[in-house]
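> Quick one: the structure is below, questions incoming.
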Amino acid sequence: MAGEVVIQTRNLSKIYRDFWGRKKVRALNSLTFDVTKGEVFGLLGPNGSGKTTTLKLLLGLLFPTEGEVNILGKPATDVAKNEKIGYLPEESYLYRFLNAEETLDFYGRLFNMSAEVRKERSRKLIERVGLTHARRRQLKEYSKGMTRRIGLAQALINEPELILLDEPTSGLDPLGSRDMKDMIVKLKEEGKTVVMCSHLLADVQDVCDRIAILDGGELKVLGRVQDLLKDQGVTQIKTSHLSDEVVKEVEAVLTRNGAKLLEVDHPTTNLEELFVKTVRESAARPGQRYIPPTPGNTPAA
Amino acid sequence: MSLSFNPIPFDLAAGFAHWLIVMAIVLILSGISLTLMSLAAGGITGPLQVAWHVKDGIADLLGTSPRRVVALTMLTFREAFRRKTLWVFAVFGVLFLFAGWFMSDVTADPALQVKAYVSFVLRTISWLILPVVMLLACWGLPEDIRARSLHTVVTKPVRRHEIVLGRILGFVLIGTFVLSVMGAVGYVWVIRQLPASMQSHLTARVPIYGDIRFVTREGLEKNDEGKYIRDGINVGDESMFRSFVEGNSKARAIWEFKDIHPERLAEPGKLVLESTFQSFRTHKGNMEAGLLCQLTLVNEAKNVRVPLKTFNVKEFHRNVYDVAEMNPVLTDVDGKPANLEKDLLHDGKLRVEAACLSGGQLLGMARPDLFIRLPSRTFAASYFKSIFSIGLMMVTVIVLGVVAGCFVKGPVATLLTAFVVIVGRLSHTFMKELTSGYYRDSNFQMQGRGILDSLIRIPTHLTPGIEMGDGFIYRAIQAIDNVELSGLWAIQHLFPDLRTFDTTEYVANAFDVPWSASLLPSLAVTVGYCIPWIIVGYFSLKIRELEAK
């Protein structure tokens, strides 16, 4: 695998034990994978598959029963690694009695940043996650989406090289979810490495370069999203709108060459796309109903 | 009013040496236990992991960031304020609003009135602030772990000891703020509540205490072993704080004062002695007059004895004896004039003897019952020293609570801390007596302190003062009991002696809170316990899986 390895796990296992040391559950079994610099890596799996356990082992919140974890060349238990890491937990477990500015200032202090740097970064991040209007409100007054945004902002306060996101889009409305995914893509463009775990497959598909699918604590699938999803037995051609006659001609050409036309259809957008467009149009043209574009009906720009 | 205990100056060097011994024993025992446990858990690599953790701990300590500690301190402070935790202190205000109803005219004696008011204020502050800071400290970290807000902190480059320190300092800051407010309100309340006629009793006497010993009725100063006699007659008290000297006999109590220089006295060369002796009458006598007492100033080096004018002891009152005022001319036993500075003081030492002159009656005396008065300090100085001492106790409880919260959940941490506080407050003396064998700092050595020994003594009705013998069986019992007592000795050191912090009696009895006998040992207990506890807290949090299920 090309590129600098940022995360390396080798035969990583985790067994949860009870008070008396008796085995309760094997949450992870001999997990081995690498994450390289600059990629967005997704950990997928059903509930209880071990993806959050993996993330917590990477962060040093749990200690492995067996195996090794190295992050940015350091063991997971080494505090120094955290200098270059940003972490967004599943729920935004932030201090609810602080407001957005105080939250970012507090986490900035934990990175030993000077007051000027903290102030500047806080301002930029609050702006970036769209919370300028609510920067002085205590987090207990925030909606779920706002809490996730400030959670992301705190994860980015140190301009990390590696960002670990636990269910980043969970609980967000489609618009928030889209914003979050856009931010992940932006982070990738900035050269950051992102590891996210989620069971929202569409979200993972949208942003991840590579994925690992876990089930029952074991690694089942590992690879590039495009490669894993590619159906080598089918060829898809996208063109501009074709009339029925042209379609018939294409079918004839295909038949002559021994192929079979399986489906000719107009592509549909997904529901998320429609929702986002509707809400954005609504904001741009208050009081007007949004009419989706159809052939012969292109809405005004 | 005198003290009901013996204020002994703290020997810092001896205290530090004792602390080092205890720490060395704890470290050795911990090292052995950890090595055995790690061998059992991880085989031969186990001890290496322990060594790695210790090395890592030292590296962490060197990497401490004051900015991170301050951030966590301010977070804790802000949390307490924003969550309105401090509203509980409104109880304090309510108590003071209505206390005046119940406390006015407690007694006609101004000194007792002042004592009642000052005791009420200091004890109220102490008993209100301690439970609240204890709950805050015990629940802070466990709640942070339960709510998982700590996850966003430990995933930053924060060392675990910085979390422990930040939490401790945060709670100390809150406690200090609240204690300052309570202290100031309490002070104003005492000043305003007491009538003008009693204000003069709000003072802080500065005593110099001497070492006490006794002379028997036959005039003997030493016992059969050639040692000075430390106790007088016991008139039947189970707890013999005061020893009694028999009237009209050679019996007397001797105080040896050190470091007495004329310039230290109330006025240069003016010696003021204050006493609070207890009377014990074997017959009624003249009930209107107190028992007759005579003080004698002695310079043994020059063999000068100056008997002072006698006085009647006013029981339960301060007997202030201004030597120059009562004896315009000092004369020795031969009638020769004597000078305090030239004839009686020798290298800053002065001996004062007290004898009872009422035949058939006895006067009870303890070390703090006679002292030399130095210029008094202000009540405010003494009062705020006492508040400082409460602050030190608060710090000790906070550190204990936060450390307990590092390895157990909130309710268990609260129980654990409360247990240590209660034992440290109520049972420390008992454990100390059992392990040292000496009853209440006296010379009375107890026998039968061990389990096996007691099992024989109880059914056979043998008192602790009687030796059981020197046979093989008894020596075996003693050997086994010594092992138990050594264990108890070690356990005793896990509990801080919280009585050290109680300075109420000094202030309430119009004494200055002494540095060497009170504040210094309080400070030593705080530092001596907090350092190892913080280390325990750090390692507990470091080796703990915050997400363990």
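To be explicit about the labels: the chains of the structure tokens are called A, B, and onward in the order shown, and within each one the residues are counted from 1, while ligands get numbers from 1 in the order they are shown.
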With only C-alpha atoms as the counted atoms, please give the residues lying no more than 9 Å from Phe371 in chain B, apart from itself and same-chain residues fewer than 3 positions off, as a list in words.
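Close residues of Phe371 in chain B: Pro207, Ile208, Tyr209, Gly210, Trp255, Phe257, Val272, Leu273, Glu274, Ser275, Arg367 and Pro368 of chain B.
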> Residues of chain A within 10 Å of chain B, using only C-alpha atoms, as a ChimeraX atom specification?
/A:16-19,24-25,53,56-57,59-63,77-89,91-98,102-103,105-114,151,154-155,158
> Any idea what's packed within 7 Å of range 244-247 of chain B, counting only C-alpha atoms, ignoring anything in its chain fewer than 4 positions away? Could you give it as a list in words?
Arg217, Gly232, Ile233, Asn234, Ala251, Arg252, Ala253, Cys356, Leu357, Ser358, Gly359, Gly360, Gln361, Leu362, Leu363, Gly364 and Met365 of chain B
> DSSP on the backbone, strand (DSSP E or B) only: what residues of range 211-339 of chain B does that give? Format it as a VMD selection string.
chain B and resid 211 to 215 222 228 233 243 to 246 252 to 257 267 270 272 to 275 278 to 281 292 to 299 304 to 307 311 to 312 319 to 322 331 337
> Take CA of Leu125 in chain A and CA of Asp179 in chain A and report the distance between them in Å, one decimal.
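CA of Leu125 in chain A sits 13.9 Å away from CA of Asp179 in chain A.
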> Write out as a ChimeraX atom specification which residues come within 10 Å of Leu452 in chain B when counting only C-alpha atoms, dropping same-chain ones fewer than 2 positions away.
/B:448-450,454-457,474,476-478,480-481,484
> Write a file of the just-selected residues containing C-alpha atoms, as an mmCIF file, in the first residue's frame.

```cif
data_model
loop_
_atom_site.group_PDB
_atom_site.id
_atom_site.type_symbol
_atom_site.label_atom_id
_atom_site.label_comp_id
_atom_site.auth_asym_id
_atom_site.auth_seq_id
_atom_site.Cartn_x
_atom_site.Cartn_y
_atom_site.Cartn_z
ATOM 1 C CA GLY B 448 -2.971 -6.227 76.416
ATOM 2 C CA ARG B 449 -3.453 -4.246 73.254
ATOM 3 C CA GLY B 450 -3.513 -7.190 70.872
ATOM 4 C CA SER B 454 -7.426 -9.167 75.021
ATOM 5 C CA LEU B 455 -9.120 -12.539 74.510
ATOM 6 C CA ILE B 456 -7.395 -13.723 77.686
ATOM 7 C CA ARG B 457 -7.762 -10.516 79.675
ATOM 8 C CA TYR B 474 2.476 -15.260 76.774
ATOM 9 C CA ALA B 476 4.148 -16.204 71.781
ATOM 10 C CA ILE B 477 0.857 -14.337 72.185
ATOM 11 C CA GLN B 478 2.752 -11.064 72.366
ATOM 12 C CA ILE B 480 1.526 -12.659 67.265
ATOM 13 C CA ASP B 481 -0.151 -9.543 68.652
ATOM 14 C CA GLU B 484 -1.351 -7.334 64.245
#
```
> So how many Å separate CA of Glu68 in chain A and CA of Pro46 in chain A, to one decimal?
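Distance between the two atoms: 24.0 Å.
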> Taking 2 positions as the minimum chain separation for residues in the same chain, which residues sit within 12 Å of Arg123 in chain B when counting only C-alpha atoms? Answer as a VMD selection string.
chain B and resid 92 115 to 121 125 to 130 182 to 183 186 386 to 387 390 501 to 505 507 to 508
> Have a look at A:Arg280, A:Arg149, A:Lys37, A:Arg26 and name the one nearest to Gly191 in chain A; count only C-alpha atoms.
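When distances to Gly191 in chain A are compared using only C-alpha atoms, the smallest one comes from A:Lys37.
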> Leaving out Gly48 in chain A and any residue of its chain fewer than 3 positions from it, which residues lie within 12 Å of it when counting only C-alpha atoms, given as a ChimeraX atom specification?
/A:25-28,44-45,51-54,198-199,214-218
> I need the residues from that last selection saved to file as a PDB file, in the first residue's frame (with C-alpha atoms), if you can.

```
ATOM      1  CA  VAL A  25     -17.674 -10.608  25.650  1.00  0.00           C
ATOM      2  CA  ARG A  26     -15.060 -10.671  22.887  1.00  0.00           C
ATOM      3  CA  ALA A  27     -15.682  -7.312  21.224  1.00  0.00           C
ATOM      4  CA  LEU A  28     -12.840  -7.504  18.746  1.00  0.00           C
ATOM      5  CA  LEU A  44     -18.720  -0.116   9.024  1.00  0.00           C
ATOM      6  CA  GLY A  45     -20.729  -2.723  10.747  1.00  0.00           C
ATOM      7  CA  LYS A  51     -16.317  -0.370  15.348  1.00  0.00           C
ATOM      8  CA  THR A  52     -16.633   1.975  18.342  1.00  0.00           C
ATOM      9  CA  THR A  53     -14.398  -0.346  20.363  1.00  0.00           C
ATOM     10  CA  THR A  54     -11.817  -0.079  17.583  1.00  0.00           C
ATOM     11  CA  SER A 198     -20.893   4.735  10.955  1.00  0.00           C
ATOM     12  CA  HIS A 199     -23.725   2.420  10.114  1.00  0.00           C
ATOM     13  CA  LEU A 214     -16.714  -5.537  10.810  1.00  0.00           C
ATOM     14  CA  ASP A 215     -19.142  -8.108  12.122  1.00  0.00           C
ATOM     15  CA  GLY A 216     -19.017  -9.866  15.453  1.00  0.00           C
ATOM     16  CA  GLY A 217     -15.710  -8.208  16.189  1.00  0.00           C
ATOM     17  CA  GLU A 218     -14.065  -9.638  13.078  1.00  0.00           C
TER      18      GLU A 218
END
```
> One decimal, Å: what's the distance from CA of Leu271 in chain B over to CA of Val352 in chain B, could you say?
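We find that CA of Leu271 in chain B and CA of Val352 in chain B lie 11.6 Å from each other.
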> Applying 12 Å and only C-alpha atoms, which residues near Glu190 in chain A remain after dropping the ones on its own chain fewer than 6 positions away? List them as a list in words.
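Near Glu190 in chain A, the qualifying residues are Lys37, Gly38, Glu39, Val40, Glu159, Pro160, Glu161, Leu162, Met183 and Ile184 of chain A.
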> Would you please give, as a PyMOL selection string, all residues of range 144-273 of chain A that DSSP assigns to alpha helix (DSSP H) based on the backbone?
chain A and resi 144-155+174-189+201-207+225-229+244-256+271-273
> Between B:Ala354, B:Ala111, B:Leu519, B:Ala17, single out the one closest to Glu256 in chain B, counting only C-alpha atoms.
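So, comparing all the options, the nearest one is B:Ala354.
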